[in-house]
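What follows is the content of model-v5.txt, which has compact mmCIF, C-alpha atoms:
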# COMPACT_ATOMS: atom_id res chain seq x y z
CA MET Y 569 113.08 -7.23 175.71
CA ALA Y 570 112.74 -6.47 172.05
CA TYR Y 571 114.98 -8.56 169.88
CA ILE Y 572 115.70 -7.13 166.46
CA TYR Y 573 114.18 -9.53 164.03
CA PRO Y 574 114.00 -8.40 160.42
CA ALA Y 575 111.81 -10.43 158.08
CA PRO Y 576 113.47 -10.66 154.65
CA GLY Y 577 111.21 -9.53 151.87
CA VAL Y 578 108.53 -8.02 154.11
CA THR Y 579 108.14 -4.34 153.28
CA GLY Y 580 108.59 -2.16 156.35
CA VAL Y 581 109.89 -5.04 158.43
CA GLU Y 582 113.03 -6.04 156.54
CA ALA Y 583 116.45 -4.45 157.05
CA THR Y 584 116.97 -1.67 154.53
CA LEU Y 585 119.66 0.78 153.58
CA ALA Y 586 118.99 4.12 151.89
CA LEU Y 587 121.60 6.54 150.55
CA GLU Y 588 121.41 10.22 149.68
CA ILE Y 589 124.10 12.52 148.37
CA GLU Y 590 124.71 15.12 151.06
CA ALA Y 591 125.19 17.96 148.57
CA ASP Y 592 121.99 17.09 146.69
CA ALA Y 593 119.14 19.32 147.83
CA THR Y 594 116.42 17.24 146.16
CA ASN Y 595 116.27 14.66 148.97
CA ASP Y 596 116.51 11.91 146.37
CA SER Y 597 116.98 8.65 148.24
CA LEU Y 598 118.37 5.46 146.75
CA SER Y 599 117.16 2.27 148.40
CA ILE Y 600 119.79 -0.42 148.12
CA PRO Y 601 118.16 -3.70 147.08
CA ALA Y 602 119.34 -7.27 147.49
CA LEU Y 603 121.60 -6.84 150.50
CA GLN Y 604 123.14 -10.16 151.46
CA ASP Y 605 124.58 -9.02 154.77
CA VAL Y 606 125.37 -5.81 156.63
CA THR Y 607 127.95 -5.24 159.35
CA ILE Y 608 128.11 -2.11 161.50
CA ASN Y 609 131.68 -1.55 162.56
CA ALA Y 610 132.43 0.72 165.51
CA ALA Y 611 136.04 0.16 166.44
CA ASN Y 612 137.29 2.31 169.28
CA ASP Y 613 140.97 3.09 169.32
CA VAL Y 614 142.52 2.62 172.73
CA PHE Y 615 145.50 4.44 174.21
CA THR Y 616 147.51 2.19 176.52
CA TRP Y 617 150.13 3.14 179.05
CA THR Y 618 151.83 1.74 182.11
CA GLN Y 619 152.38 3.26 185.52
CA LEU Y 620 154.93 2.39 188.18
CA ASP Y 621 152.18 2.18 190.80
CA GLU Y 622 149.93 -0.18 188.77
CA THR Y 623 150.36 -3.89 188.15
CA ALA Y 624 148.25 -3.81 185.01
CA LYS Y 625 148.27 -1.63 181.96
CA LYS Y 626 146.01 1.38 181.92
CA GLN Y 627 143.80 2.12 178.96
CA ILE Y 628 141.51 4.82 177.77
CA ALA Y 629 139.27 4.80 174.72
CA THR Y 630 140.01 7.53 172.26
CA THR Y 631 138.32 7.97 168.90
CA SER Y 632 136.50 5.29 166.97
CA THR Y 633 136.75 4.27 163.35
CA ASN Y 634 133.25 3.67 162.07
CA SER Y 635 132.18 1.95 158.88
CA LEU Y 636 129.37 -0.06 157.35
CA ALA Y 637 130.31 -3.18 155.45
CA MET Y 638 127.94 -5.14 153.29
CA ASN Y 639 127.65 -7.46 150.34
CA LEU Y 640 124.96 -7.09 147.73
CA VAL Y 641 123.71 -8.64 144.55
CA LEU Y 642 124.18 -6.14 141.74
CA ASP Y 643 121.09 -4.45 140.36
CA GLY Y 644 121.83 -2.44 137.22
CA ASP Y 645 119.77 0.61 138.15
CA SER Y 646 120.90 0.97 141.73
CA PHE Y 647 124.53 0.11 141.06
CA PHE Y 648 125.16 2.12 137.89
CA GLY Y 649 122.35 4.68 138.05
CA ASP Y 650 118.84 4.48 136.70
CA GLY Y 651 119.56 6.65 133.65
CA VAL Y 652 116.46 8.71 134.37
CA SER Y 653 117.13 10.74 137.50
CA ALA Y 654 119.47 13.73 137.48
CA THR Y 655 123.11 12.68 137.58
CA THR Y 656 123.61 14.78 140.69
CA THR Y 657 121.28 12.52 142.67
CA ALA Y 658 121.92 9.18 144.33
CA SER Y 659 119.45 7.45 142.01
CA GLY Y 660 121.10 8.99 138.98
CA LYS Y 661 124.65 8.18 139.98
CA GLY Y 662 124.09 4.80 141.52
CA ILE Y 663 126.48 3.19 143.98
CA PHE Y 664 129.29 2.97 141.44
CA GLY Y 665 128.88 6.59 140.38
CA MET Y 666 128.85 7.85 143.96
CA SER Y 667 132.04 5.89 144.61
CA THR Y 668 133.92 7.18 141.58
CA ALA Y 669 132.72 10.75 142.22
CA LYS Y 670 133.75 10.48 145.89
CA SER Y 671 130.32 11.78 146.84
CA LYS Y 672 129.68 12.25 150.51
CA VAL Y 673 126.57 10.27 151.27
CA GLU Y 674 124.03 10.25 154.04
CA PHE Y 675 123.07 6.72 154.95
CA SER Y 676 120.08 5.43 156.82
CA LEU Y 677 120.17 1.80 157.89
CA TYR Y 678 116.94 0.41 159.28
CA LEU Y 679 117.78 -2.70 161.27
CA GLY Y 680 114.35 -4.27 160.93
CA ASP Y 681 111.35 -4.59 163.19
CA ASN Y 682 111.53 -6.00 166.68
CA ASP Y 683 110.20 -9.45 167.48
CA ASP Y 684 107.24 -7.92 169.32
CA GLY Y 685 106.20 -6.10 166.14
CA THR Y 686 107.35 -2.67 167.21
CA THR Y 687 109.42 -0.43 164.97
CA GLY Y 688 113.12 -1.10 165.23
CA LYS Y 689 116.14 1.14 165.33
CA THR Y 690 117.64 3.21 162.53
CA VAL Y 691 121.34 3.99 162.33
CA THR Y 692 122.23 7.10 160.35
CA GLY Y 693 125.36 9.01 159.49
CA THR Y 694 127.47 10.30 156.65
CA GLY Y 695 130.41 8.79 154.84
CA TYR Y 696 132.01 7.73 151.60
CA ILE Y 697 131.45 4.65 149.49
CA THR Y 698 134.53 2.53 148.99
CA GLY Y 699 135.65 -1.07 148.60
CA LEU Y 700 133.60 -1.93 145.55
CA ALA Y 701 134.76 -5.17 143.97
CA PRO Y 702 132.06 -6.63 141.72
CA THR Y 703 132.74 -10.25 140.97
CA VAL Y 704 131.18 -13.16 139.17
CA SER Y 705 132.29 -16.73 138.58
CA ALA Y 706 131.25 -19.74 136.59
CA ASP Y 707 130.24 -21.55 139.75
CA ALA Y 708 128.17 -18.60 140.94
CA PRO Y 709 127.06 -16.67 137.83
CA VAL Y 710 125.50 -13.81 139.77
CA TRP Y 711 127.28 -10.49 140.09
CA VAL Y 712 127.90 -9.63 143.72
CA SER Y 713 130.01 -6.92 145.29
CA PRO Y 714 131.22 -5.88 148.71
CA VAL Y 715 130.51 -2.27 149.63
CA THR Y 716 132.02 -0.31 152.47
CA ILE Y 717 130.81 3.05 153.71
CA THR Y 718 133.55 4.71 155.72
CA VAL Y 719 131.70 6.85 158.22
CA ASP Y 720 132.65 10.49 158.74
CA GLY Y 721 132.06 11.10 162.42
CA GLU Y 722 129.69 9.34 164.76
CA TYR Y 723 126.63 7.21 164.22
CA THR Y 724 123.22 8.47 165.22
CA VAL Y 725 120.75 5.89 166.47
CA SER Y 726 117.08 6.76 166.51
CA MET M 641 114.60 -31.42 128.15
CA ARG M 642 113.20 -34.92 127.69
CA SER M 643 112.13 -34.34 124.09
CA GLU M 644 115.49 -32.76 123.22
CA ILE M 645 117.29 -35.74 124.69
CA ILE M 646 115.13 -38.20 122.76
CA THR M 647 115.80 -36.29 119.55
CA TYR M 648 119.53 -36.28 120.32
CA MET M 649 119.56 -40.03 121.04
CA ARG M 650 117.84 -40.74 117.74
CA GLY M 651 120.68 -38.97 115.96
CA LEU M 652 123.34 -41.28 117.42
CA ALA M 653 124.91 -44.30 115.72
CA LEU M 654 122.38 -46.65 117.28
CA GLY M 655 123.17 -49.84 115.37
CA THR M 656 120.69 -52.43 116.62
CA PHE M 657 119.37 -50.12 119.36
CA ASN M 658 116.28 -47.97 118.97
CA VAL M 659 114.80 -45.05 120.90
CA SER M 660 111.26 -45.05 122.28
CA ASP M 661 108.99 -42.08 122.94
CA GLU M 662 107.43 -43.91 125.85
CA VAL M 663 108.29 -43.50 129.51
CA PRO M 664 110.26 -46.47 130.84
CA ARG M 665 107.43 -48.08 132.81
CA ASN M 666 104.04 -49.47 131.89
CA GLU M 667 100.77 -49.04 133.79
CA SER M 668 101.83 -51.82 136.17
CA ALA M 669 105.02 -49.93 136.95
CA GLU M 670 107.07 -52.67 135.30
CA PRO M 671 110.24 -51.44 133.63
CA LEU M 672 109.74 -51.57 129.88
CA TYR M 673 113.47 -51.64 129.25
CA MET M 674 113.52 -55.13 130.80
CA LYS M 675 110.80 -56.34 128.46
CA ASN M 676 112.33 -54.67 125.41
CA PRO M 677 116.13 -55.01 125.41
CA LYS M 678 118.13 -52.56 123.31
CA THR M 679 115.32 -50.02 123.42
CA ILE M 680 116.29 -46.70 124.98
CA TYR M 681 113.72 -44.99 127.23
CA ALA M 682 113.87 -41.48 128.65
CA ASP M 683 111.96 -40.93 131.88
CA ILE M 684 109.89 -37.85 132.71
CA ALA M 685 112.11 -34.96 133.76
CA GLN M 686 112.58 -34.47 137.49
CA PHE M 687 112.99 -30.98 138.92
CA GLU M 688 114.76 -29.80 142.04
CA ASP M 689 114.72 -26.20 143.19
CA THR M 690 117.28 -25.36 145.86
CA PRO M 691 118.14 -21.98 147.43
CA PHE M 692 121.32 -20.60 145.91
CA LEU M 693 121.60 -17.09 147.25
CA ALA M 694 119.43 -15.32 149.82
CA THR M 695 119.19 -11.62 150.55
CA LEU M 696 117.77 -9.46 153.31
CA GLY M 697 115.15 -8.21 150.84
CA SER M 698 112.71 -9.94 148.54
CA LEU M 699 115.30 -11.29 146.11
CA SER M 700 115.97 -14.99 146.45
CA ILE M 701 117.93 -16.79 143.77
CA HIS M 702 117.36 -20.48 143.30
CA ALA M 703 119.14 -23.18 141.35
CA LYS M 704 116.71 -25.25 139.33
CA THR M 705 118.10 -28.63 138.37
CA THR M 706 116.38 -30.66 135.68
CA THR M 707 117.31 -34.34 135.63
CA VAL M 708 116.36 -36.82 132.95
CA ASN M 709 117.15 -40.48 133.50
CA VAL M 710 117.64 -42.68 130.45
CA TYR M 711 117.38 -46.46 130.70
CA PHE M 712 118.11 -49.42 128.47
CA SER M 713 119.11 -53.03 128.84
CA VAL M 714 121.18 -55.51 126.88
CA ASP M 715 121.92 -59.19 127.22
CA ALA M 716 124.65 -59.31 129.86
CA LYS M 717 126.34 -62.28 128.19
CA ASN M 718 126.29 -60.72 124.74
CA VAL M 719 126.87 -56.98 124.97
CA PRO M 720 126.55 -55.26 121.56
CA ASN M 721 129.80 -54.07 119.98
CA ASN M 722 128.71 -50.43 119.95
CA TYR M 723 127.70 -50.40 123.64
CA ASP M 724 130.71 -48.40 124.84
CA SER M 725 130.60 -45.86 122.03
CA LEU M 726 126.84 -45.44 122.43
CA VAL M 727 127.11 -44.81 126.17
CA SER M 728 129.95 -42.36 125.54
CA SER M 729 127.83 -40.49 122.99
CA MET M 730 124.88 -40.47 125.40
CA LEU M 731 127.03 -38.71 127.99
CA ASP M 732 127.61 -35.91 125.50
CA ALA M 733 123.89 -35.09 125.81
CA ARG M 734 124.91 -32.99 128.83
CA ASP M 735 126.00 -30.33 126.33
CA LEU M 736 122.56 -29.96 124.72
CA ASN M 737 120.80 -26.58 124.63
CA THR M 738 123.91 -24.42 124.83
CA THR M 739 121.84 -21.24 124.65
CA GLU M 740 119.72 -22.04 127.71
CA GLY M 741 122.20 -20.54 130.18
CA PHE M 742 122.77 -23.67 132.24
CA ASN M 743 125.61 -22.97 134.67
CA ASP M 744 126.13 -26.59 135.61
CA ARG M 745 125.74 -29.75 133.56
CA SER M 746 126.51 -33.26 134.57
CA ALA M 747 126.11 -36.80 133.30
CA GLU M 748 126.47 -40.04 135.16
CA VAL M 749 126.30 -43.67 134.06
CA SER M 750 125.49 -46.56 136.34
CA THR M 751 124.92 -50.19 135.53
CA SER M 752 123.33 -53.12 137.30
CA ILE M 753 122.61 -56.75 136.55
CA GLU M 754 118.98 -57.81 136.74
CA ALA M 755 118.28 -61.44 135.83
CA ASP M 756 120.61 -61.96 132.87
CA MET M 757 120.28 -58.38 131.64
CA LEU M 758 122.78 -55.52 131.95
CA VAL M 759 120.71 -52.44 132.80
CA THR M 760 122.30 -49.09 132.04
CA GLN M 761 121.05 -45.83 133.52
CA VAL M 762 122.30 -42.50 132.21
CA SER M 763 121.43 -39.51 134.40
CA LEU M 764 121.62 -36.13 132.70
CA SER M 765 121.34 -33.03 134.87
CA TYR M 766 121.11 -29.37 133.91
CA THR M 767 121.18 -26.54 136.44
CA LYS M 768 120.08 -22.99 135.86
CA LEU M 769 119.73 -20.03 138.21
CA ARG M 770 116.35 -18.36 138.43
Let me see the structure of the file written as structure tokens.
Amino acid sequence: MAYIYPAPGVTGVEATLALEIEADATNDSLSIPALQDVTINAANDVFTWTQLDETAKKQIATTSTNSLAMNLVLDGDSFFGDGVSATTTASGKGIFGMSTAKSKVEFSLYLGDNDDGTTGKTVTGTGYITGLAPTVSADAPVWVSPVTITVDGEYTVS
Amino acid sequence: MRSEIITYMRGLALGTFNVSDEVPRNESAEPLYMKNPKTIYADIAQFEDTPFLATLGSLSIHAKTTTVNVYFSVDAKNVPNNYDSLVSSMLDARDLNTTEGFNDRSAEVSTSIEADMLVTQVSLSYTKLR
């Protein structure tokens, strides 16, 4: 058994998410800081039918709708671009810029180390950033935003 | 915050009250406000740091609450005429330091009778994220 057990704040052990713009050949990678939570959605669609010779409905899984959902605390550089890197890169555009530009991104989500200290799994894929809704309130004066990455195709787990 | 509160109290319409720089207890831990009626004492500030927002990374945001308790006593049988207005003005001390970025401020008054004295405690709390 190797339970996935990320340690928040411990470099190399914590859960991390990195984004690259697929069309960017520079391999610039933007590490998303201050993630509050991450959810990997893999929702299979199911086709259901009935048969005269069956007492229960028949089902078969068809295609899945995949997405990553997360909430994060806004960091100016990573959310709006660092103002230094080329504006064609993930670091230059930031999360907001990649969303408004409809950039296709490659994501790499490291789940965190296992409880026995071994390296954990990484989920990768490509998709589009959507669902941004930065919000702040008087009761919680910290800017936070949900982020959804709608995945194009299947996940790859390594 | 304690010094700001003391300065603020000194600016109020005190009448026969006065404001001390001392903490409200002597070396024997006896409450000075019982020995010296109508003298206002501000205690040392108390701090509380509670987790406000955690992340999967290194960022952890905390709410730091600073609380200053103010004490004074009056003769329970002969409460000064300006008692109510003074307590009301003391509550307004929650609005001190408007540029400090406090996201929560509160003030609370409680009273008790000890011997023949009416003891008033004003708790002023200021919360800031860090």
- Query: From the list M:Ser728, M:Glu748, M:Gly697, M:Val719, which residue is nearest chain Y when using only C-alpha atoms?
  - Reply: M:Gly697
- Item | Residues of chain M within 7 Å of chain Y, counting all atoms listed in the file, as a ChimeraX atom specification | /M:694-699,743
Preceding selection exported with C-alpha atoms as a short mmCIF file (atom, residue, chain, number, x, y, z; two decimals), in the coordinates of the input:
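In the end it all went to result_0.cif:
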data_model
loop_
_atom_site.label_atom_id
_atom_site.label_comp_id
_atom_site.auth_asym_id
_atom_site.auth_seq_id
_atom_site.Cartn_x
_atom_site.Cartn_y
_atom_site.Cartn_z
CA ALA M 694 119.43 -15.32 149.82
CA THR M 695 119.19 -11.62 150.55
CA LEU M 696 117.77 -9.46 153.31
CA GLY M 697 115.15 -8.21 150.84
CA SER M 698 112.71 -9.94 148.54
CA LEU M 699 115.30 -11.29 146.11
CA ASN M 743 125.61 -22.97 134.67
#
Contacts of Tyr766 of chain M at 7 Å or less, counting only C-alpha atoms, minus same-chain residues fewer than 6 places along, as a PDB file with C-alpha atoms, in the coordinates of the input?
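File produced: result.pdb:
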ATOM      1  CA  THR M 705     118.100 -28.630 138.370  1.00  0.00           C
ATOM      2  CA  THR M 706     116.380 -30.660 135.680  1.00  0.00           C
ATOM      3  CA  THR M 707     117.310 -34.340 135.630  1.00  0.00           C
ATOM      4  CA  PHE M 742     122.770 -23.670 132.240  1.00  0.00           C
ATOM      5  CA  ASP M 744     126.130 -26.590 135.610  1.00  0.00           C
ATOM      6  CA  ARG M 745     125.740 -29.750 133.560  1.00  0.00           C
ATOM      7  CA  SER M 746     126.510 -33.260 134.570  1.00  0.00           C
TER       8      SER M 746
END
- Task: For atom CA of Gly695 of chain Y and atom CA of Met638 of chain Y, determine how far apart the two atoms are, in Å to one decimal place.
- Result: 14.2 Å
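Atom pair atom CA of Thr692 of chain Y / atom CA of Tyr678 of chain Y has a distance of 8.6 Å (rounded to one decimal).
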- Query: Leaving out segment 650-665 of chain M and any residue of its chain fewer than 4 positions from it, which residues lie within 7 Å of it when counting all atoms listed in the file, given as a list in words?
  - Reply: Ile646, Ala669, Glu670, Pro671, Leu672, Tyr673, Lys678, Thr679, Ile680, Tyr681, Ala682, Asp683, Ile684 and Leu726 of chain M
- Message: Considering only C-alpha atoms, can you say which of M:Asp732, M:Glu740, M:Glu667, M:Glu644 comes closest to Thr767 of chain M?
- Response: M:Glu740
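Rounded to one decimal, atom CA of Asp681 of chain Y and atom CA of Leu700 of chain Y lie 28.5 Å from each other.
For the set M:Leu693, M:Ala747, M:Met641, M:Met674, the residue with the smallest atom-to-atom gap to Ser765 of chain M is M:Ala747, counting all atoms listed in the file.
Residues with any atom within 8 Å of Thr724 of chain Y, counting all atoms listed in the file and excluding same-chain neighbours fewer than 2 positions away, are Val691, Thr692, Gly693, Glu722 and Ser726 of chain Y.
For the set Y:Val712, Y:Met569, Y:Ile697, Y:Val704, the residue with the smallest atom-to-atom gap to Val673 of chain Y is Y:Ile697, counting all atoms listed in the file.
For Gly651 of chain Y, the list of residues within 12 Å, based on all atoms listed in the file and with local chain neighbours fewer than 6 positions off taken out, reads Gly644, Asp645, Thr657, Ala658, Ser659, Gly660, Lys661, Gly662 and Gly665 of chain Y.
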Could you dump the residues just selected with C-alpha atoms as an mmCIF file, in the coordinates of the input?
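So the final result, stored in part.cif, reads:
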data_model
loop_
_atom_site.group_PDB
_atom_site.id
_atom_site.type_symbol
_atom_site.label_atom_id
_atom_site.label_comp_id
_atom_site.auth_asym_id
_atom_site.auth_seq_id
_atom_site.Cartn_x
_atom_site.Cartn_y
_atom_site.Cartn_z
ATOM 1 C CA GLY Y 644 121.830 -2.440 137.220
ATOM 2 C CA ASP Y 645 119.770 0.610 138.150
ATOM 3 C CA THR Y 657 121.280 12.520 142.670
ATOM 4 C CA ALA Y 658 121.920 9.180 144.330
ATOM 5 C CA SER Y 659 119.450 7.450 142.010
ATOM 6 C CA GLY Y 660 121.100 8.990 138.980
ATOM 7 C CA LYS Y 661 124.650 8.180 139.980
ATOM 8 C CA GLY Y 662 124.090 4.800 141.520
ATOM 9 C CA GLY Y 665 128.880 6.590 140.380
#
- Query: Which is closer to Thr751 of chain M than all the others in M:Arg770, M:Val727, M:Thr738, M:Ala733, using only C-alpha atoms?
  - Reply: M:Val727
- Message: I'd like the contact shell of Ser632 of chain Y - 8 Å cut-off, all atoms listed in the file, skipping same-chain residues fewer than 3 positions apart - returned as a list in words.
- Response: Ala610, Ala611, Asn612 and Asp613 of chain Y
Could the residues in this selection be saved with C-alpha atoms as a JSON list (two decimals), in the coordinates of the input?
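See out.json below for the written result:
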[["chain", "number", "residue", "atom", "x", "y", "z"],
["Y", 610, "ALA", "CA", 132.43, 0.72, 165.51],
["Y", 611, "ALA", "CA", 136.04, 0.16, 166.44],
["Y", 612, "ASN", "CA", 137.29, 2.31, 169.28],
["Y", 613, "ASP", "CA", 140.97, 3.09, 169.32]]
To test the calculation: enclose all listed atoms of segment 748-754 of chain M in a box whose edges run along x, y and z, add 3 Å on each side, then state centre and edge lengths in Å to one decimal, as AutoDock Vina command-line options.
--center_x 122.7 --center_y -48.9 --center_z 135.7 --size_x 13.5 --size_y 23.8 --size_z 9.2
